[in-house]
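Remarks on the structure that follows.
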Amino acid sequence: MSNAHDAGIRPGRLLLLLPLQAACVAGLGLLVTGPLAGRSPLSAEDGVNRVLAAHRGVPATTFSDAVSLLAGTTSVIALTLLACAALLCLPRAPRWREAVFLAVSVAAQSAVFVLVTLVVERPRPDVPHLDAAPPTSSFPSGHVGASVALFGGLAVLAAGRLRGARRGVVVGLLLLLPLAVAGSRLYRGMHHPSDVVAGLLNGACTLLVVAYALLPGAGAAPGPAAGGALPVARPVGGGRAPSGARGRVVVVRHPHACGHETAASVRAVLRRHGYADQVWAQTSADEPCGALAARTAGADTSLVVVCGGDGTVRACADVLAGTGIPLAIVPCGTGNLLARNLGLPSDPVAALREGLSGRTVGLDVGRVDGDGLTPTRFVVMAGAGFDAAMVRDASDRLKERLGWVAYVVAALRHLRDPRMRLSIRLDGGAPLERRARMVVIGNVGTLQGGLPLLPDARPDSGRLELVLLDPRGPRGWLAAGHLASRTKGGPVRPAPGRTGRRAARGALEYFSAARIELGFARAQPRELDGDAFPAGTRVTAEVEPGALRVCLPVPARSGTPRERVPDGAERPPATDGAEGAAALSAGD
């Protein structure tokens, strides 16, 4: 599905539809109070109000009083301010777009309501009123419209942030509130049935217009669940020609990984693609994303380019996830695993050039927390035990000279580390007790050299893959390495809560879930996307489907055919990640 952002329309211009909406609602009101007033079904409205007034009782009156108060002017303003403050203050990065969306939705609905009441004059129903009648027209219902804008807006935001059963429960409850307000206004004798219907339509239309105008991903399909269709790919920059003027681009540069020559080439490529307005930010130990949140807040940023390794990409993805701002990757790090798995060229400038000439695709990210961990996100893998100790102890000097070989050197030092005891809980199921040397949760699955550690992992599956490594002696290590090196298709996913699939004489065990909770008997080293984090005893990871938009190259027309996997979904053969990127960016 395309939207205004894809079609090249300036999103803010969609707000000009609001005066047209006001005119349509006013026209409907004039019809309701004029030529259609005596016709069915409007002629039966007074009878509905009289029946409701005749059957009032204490419990229903008390409930309607509370619901009506919830949608009153003072309550709506207070709740809107509170929600906007929470969006700006509680998350790690202020969610300016979401806060502005909610505030504008409520304000715009109120403005349309006031304009309509200036044109349409309709008296309140001729029944006893349980509230003081305001001086405005009965058409449309302001309480109902305001409740749709506020609670419907919160439902839109919740649908984009929550996952699983929680999303259905929260969104469902929020959408029921406007209906409860509509019923209460009828019950209390404050509106005719057509008034509350018009209020529902007014609030819903306002919400739709403002969402498309202010939320970049409002018209895009969410990330698919496992086995679902691949995400819809969209042209970078809304499909405009590369030579056309683009919006503002923020470039986050790792000063050591991205040298001056590469930075100059990046500037030139961006200018050739129409990005003249460039804001450059440099990363540091205190700001691994170059203060990206502050640089994109409140600004019309159309693209973020990350020049660095997986750690820099992870830090930026943590800020951009859910914002709809596309991310272009310039792989300049040691491992560059995300770029490898997405099929981007290894040359940094070529990767940027092909990404900007391709499509933007919604990819999953993993959200992780635990003891001593500030909630954050990862895009490649999260691990504990052997691999985290390897990441922690890899020499910076060797990484500069030898690249990813430095991790191999560090791994040799930990081959004889003791096994760890851990418990695993998948999607809230019963805990599974295990022993292992390493546990890895993956959003993608291929390591350096095309080694498929997690053959089932795909960044658009709506799930996370987990592998336990527990080799016993030299033969166990050899068996695990041999199996991984020759694995092309993934193991069949087990149902949550059941024993995972074992391989390599029990050295490897695979699981799959949307939420994974790990508990360790003793504190273990932990890592996220190649960055070491403090040791701890807990790790909880949950997938956020389609939360990050990434620029990927256009697949070759002569790409390899997709193979069929057991659950009926199609996916490319798991080799070095390039075919996977082709399938991800296909779909237009």
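Simple scheme: letters A, B, ... for chains in structure tokens order, numbers from 1 for residues in each chain, numbers from 1 for ligands in the order shown.
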
>> Need the shell around region 42-49 of chain A: protein/DNA/RNA residues with any atom at most 10 Å away, counting only C-alpha atoms. Skip same-chain ones fewer than 5 positions apart. Format as a PyMOL selection string?
In response: chain A and resi 32-33+36-37+54+125-128+186-194

Closest atom pairs, region 232-339 of chain A residues within 7 Å of region 372-390 of chain A, only C-alpha atoms, as a Markdown table:
| residue | atom | partner | partner_atom | distance |
| --- | --- | --- | --- | --- |
| A:Arg314 | CA | A:Phe378 | CA | 5.5 |
| A:Asp318 | CA | A:Arg377 | CA | 5.2 |
| A:Leu337 | CA | A:Val380 | CA | 6.9 |
| A:Leu338 | CA | A:Val380 | CA | 5.9 |

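Note that CA of Leu15 (chain A) and CA of Ala108 (chain A) are 9.1 Å apart.
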
>> Which residues are near Leu344 (chain A)? Cut-off 10 Å, only C-alpha atoms, ignore same chain within fewer than 2 positions. Put them as a ChimeraX atom specification.
In response: /A:329-331,336,338-342,346-348,350-352,354-355,551-553,577-578,581

>> Give me the residues near Phe113 (chain A) as a PyMOL selection string, where near means some atom within 8 Å (using only C-alpha atoms) and where sequence neighbours in that chain fewer than 6 positions away do not count.
In response: chain A and resi 22+140+142+145+202

Restrict the selected residues to all heavy atoms and save them as a PDB file, in the first residue's frame.
ATOM      1  N   ALA A  22     -14.501  19.702   7.204  1.00  0.00           N
ATOM      2  CA  ALA A  22     -15.462  20.541   7.941  1.00  0.00           C
ATOM      3  C   ALA A  22     -16.662  20.893   7.061  1.00  0.00           C
ATOM      4  O   ALA A  22     -17.819  20.866   7.510  1.00  0.00           O
ATOM      5  CB  ALA A  22     -14.783  21.802   8.453  1.00  0.00           C
ATOM      6  N   PRO A 140     -22.425  18.146  15.394  1.00  0.00           N
ATOM      7  CA  PRO A 140     -22.233  16.741  15.788  1.00  0.00           C
ATOM      8  C   PRO A 140     -21.879  16.665  17.265  1.00  0.00           C
ATOM      9  O   PRO A 140     -21.730  17.701  17.918  1.00  0.00           O
ATOM     10  CB  PRO A 140     -21.051  16.319  14.929  1.00  0.00           C
ATOM     11  CG  PRO A 140     -20.215  17.555  14.829  1.00  0.00           C
ATOM     12  CD  PRO A 140     -21.197  18.712  14.797  1.00  0.00           C
ATOM     13  N   GLY A 142     -19.594  16.669  20.167  1.00  0.00           N
ATOM     14  CA  GLY A 142     -18.200  17.019  20.440  1.00  0.00           C
ATOM     15  C   GLY A 142     -17.523  16.029  21.356  1.00  0.00           C
ATOM     16  O   GLY A 142     -16.325  15.739  21.197  1.00  0.00           O
ATOM     17  N   GLY A 145     -16.568  12.974  19.154  1.00  0.00           N
ATOM     18  CA  GLY A 145     -15.451  13.294  18.254  1.00  0.00           C
ATOM     19  C   GLY A 145     -14.134  13.413  18.995  1.00  0.00           C
ATOM     20  O   GLY A 145     -13.097  12.923  18.532  1.00  0.00           O
ATOM     21  N   ASN A 202     -16.537  12.312  12.246  1.00  0.00           N
ATOM     22  CA  ASN A 202     -15.669  13.478  12.315  1.00  0.00           C
ATOM     23  C   ASN A 202     -14.338  13.131  12.983  1.00  0.00           C
ATOM     24  O   ASN A 202     -13.257  13.472  12.474  1.00  0.00           O
ATOM     25  CB  ASN A 202     -16.357  14.599  13.091  1.00  0.00           C
ATOM     26  CG  ASN A 202     -15.516  15.867  13.145  1.00  0.00           C
ATOM     27  OD1 ASN A 202     -14.825  16.210  12.191  1.00  0.00           O
ATOM     28  ND2 ASN A 202     -15.569  16.562  14.274  1.00  0.00           N
TER      29      ASN A 202
END

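By only C-alpha atoms, and with residues fewer than 6 positions from His256 (chain A) along its chain excluded, the set lying at most 10 Å from it is Thr283, Gly308, Cys332, Gly333 and Glu400 of chain A.
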
Keeping only N, CA and C atoms, take the residues you just selected and write them out as an mmCIF file, in the first residue's frame.
data_model
loop_
_atom_site.group_PDB
_atom_site.id
_atom_site.type_symbol
_atom_site.label_atom_id
_atom_site.label_comp_id
_atom_site.auth_asym_id
_atom_site.auth_seq_id
_atom_site.Cartn_x
_atom_site.Cartn_y
_atom_site.Cartn_z
ATOM 1 N N THR A 283 30.293 10.280 16.223
ATOM 2 C CA THR A 283 30.034 9.459 17.395
ATOM 3 C C THR A 283 31.154 9.625 18.423
ATOM 4 N N GLY A 308 29.669 3.448 9.836
ATOM 5 C CA GLY A 308 30.306 2.785 10.964
ATOM 6 C C GLY A 308 30.034 1.301 10.920
ATOM 7 N N CYS A 332 31.442 0.378 7.597
ATOM 8 C CA CYS A 332 32.845 0.757 7.801
ATOM 9 C C CYS A 332 33.462 0.060 9.007
ATOM 10 N N GLY A 333 32.767 -0.903 9.582
ATOM 11 C CA GLY A 333 33.243 -1.515 10.819
ATOM 12 C C GLY A 333 34.063 -2.763 10.597
ATOM 13 N N GLU A 400 41.898 -3.380 14.229
ATOM 14 C CA GLU A 400 42.319 -2.405 13.228
ATOM 15 C C GLU A 400 43.202 -3.052 12.169
#

Do you know which residues are at most 7 Å from Glu433 (chain A) counting only C-alpha atoms, after dropping those on the same chain fewer than 4 positions away, and could you put them as a PDB file with N, CA, C and O atoms, in the first residue's frame?
ATOM      1  N   LEU A 422      21.397 -22.235  32.602  1.00  0.00           N
ATOM      2  CA  LEU A 422      20.437 -21.192  32.267  1.00  0.00           C
ATOM      3  C   LEU A 422      19.044 -21.778  32.118  1.00  0.00           C
ATOM      4  O   LEU A 422      18.867 -22.981  31.911  1.00  0.00           O
ATOM      5  N   SER A 423      18.051 -20.899  32.245  1.00  0.00           N
ATOM      6  CA  SER A 423      16.656 -21.252  31.984  1.00  0.00           C
ATOM      7  C   SER A 423      16.166 -20.414  30.818  1.00  0.00           C
ATOM      8  O   SER A 423      16.559 -19.258  30.653  1.00  0.00           O
ATOM      9  N   ILE A 424      15.289 -21.004  30.012  1.00  0.00           N
ATOM     10  CA  ILE A 424      14.766 -20.358  28.809  1.00  0.00           C
ATOM     11  C   ILE A 424      13.244 -20.369  28.887  1.00  0.00           C
ATOM     12  O   ILE A 424      12.637 -21.406  29.159  1.00  0.00           O
TER      13      ILE A 424
END

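Closest to Ala257 (chain A) among A:Ala315, A:Leu270, A:Cys307, A:Val210 is A:Cys307, based on only C-alpha atoms.
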
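Checking A:Ala26, A:Leu468, A:Val543, A:Val197 one by one against Arg501 (chain A), counting only C-alpha atoms, you find the shortest gap at A:Leu468.
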
> So which bits of region 86-238 of chain A end up alpha helix (DSSP H) when you DSSP the backbone, as a PyMOL selection string?
Replying inline: chain A and resi 86-89+96-119+142-147+153-161+164-187+193-214

>> Which residues are close to Asn443 (chain A), i.e. within 8 Å by only C-alpha atoms, leaving aside same-chain residues fewer than 4 positions away? Reply as JSON, numbers by chain.
In response: {"A": [364, 365, 366, 379, 380, 381, 457, 458, 459, 463, 464, 465]}

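Nearest to Gly335 (chain A) of all the residues A:Tyr275, A:Thr446, A:Ala430, A:Arg161 is A:Thr446, counting only C-alpha atoms.
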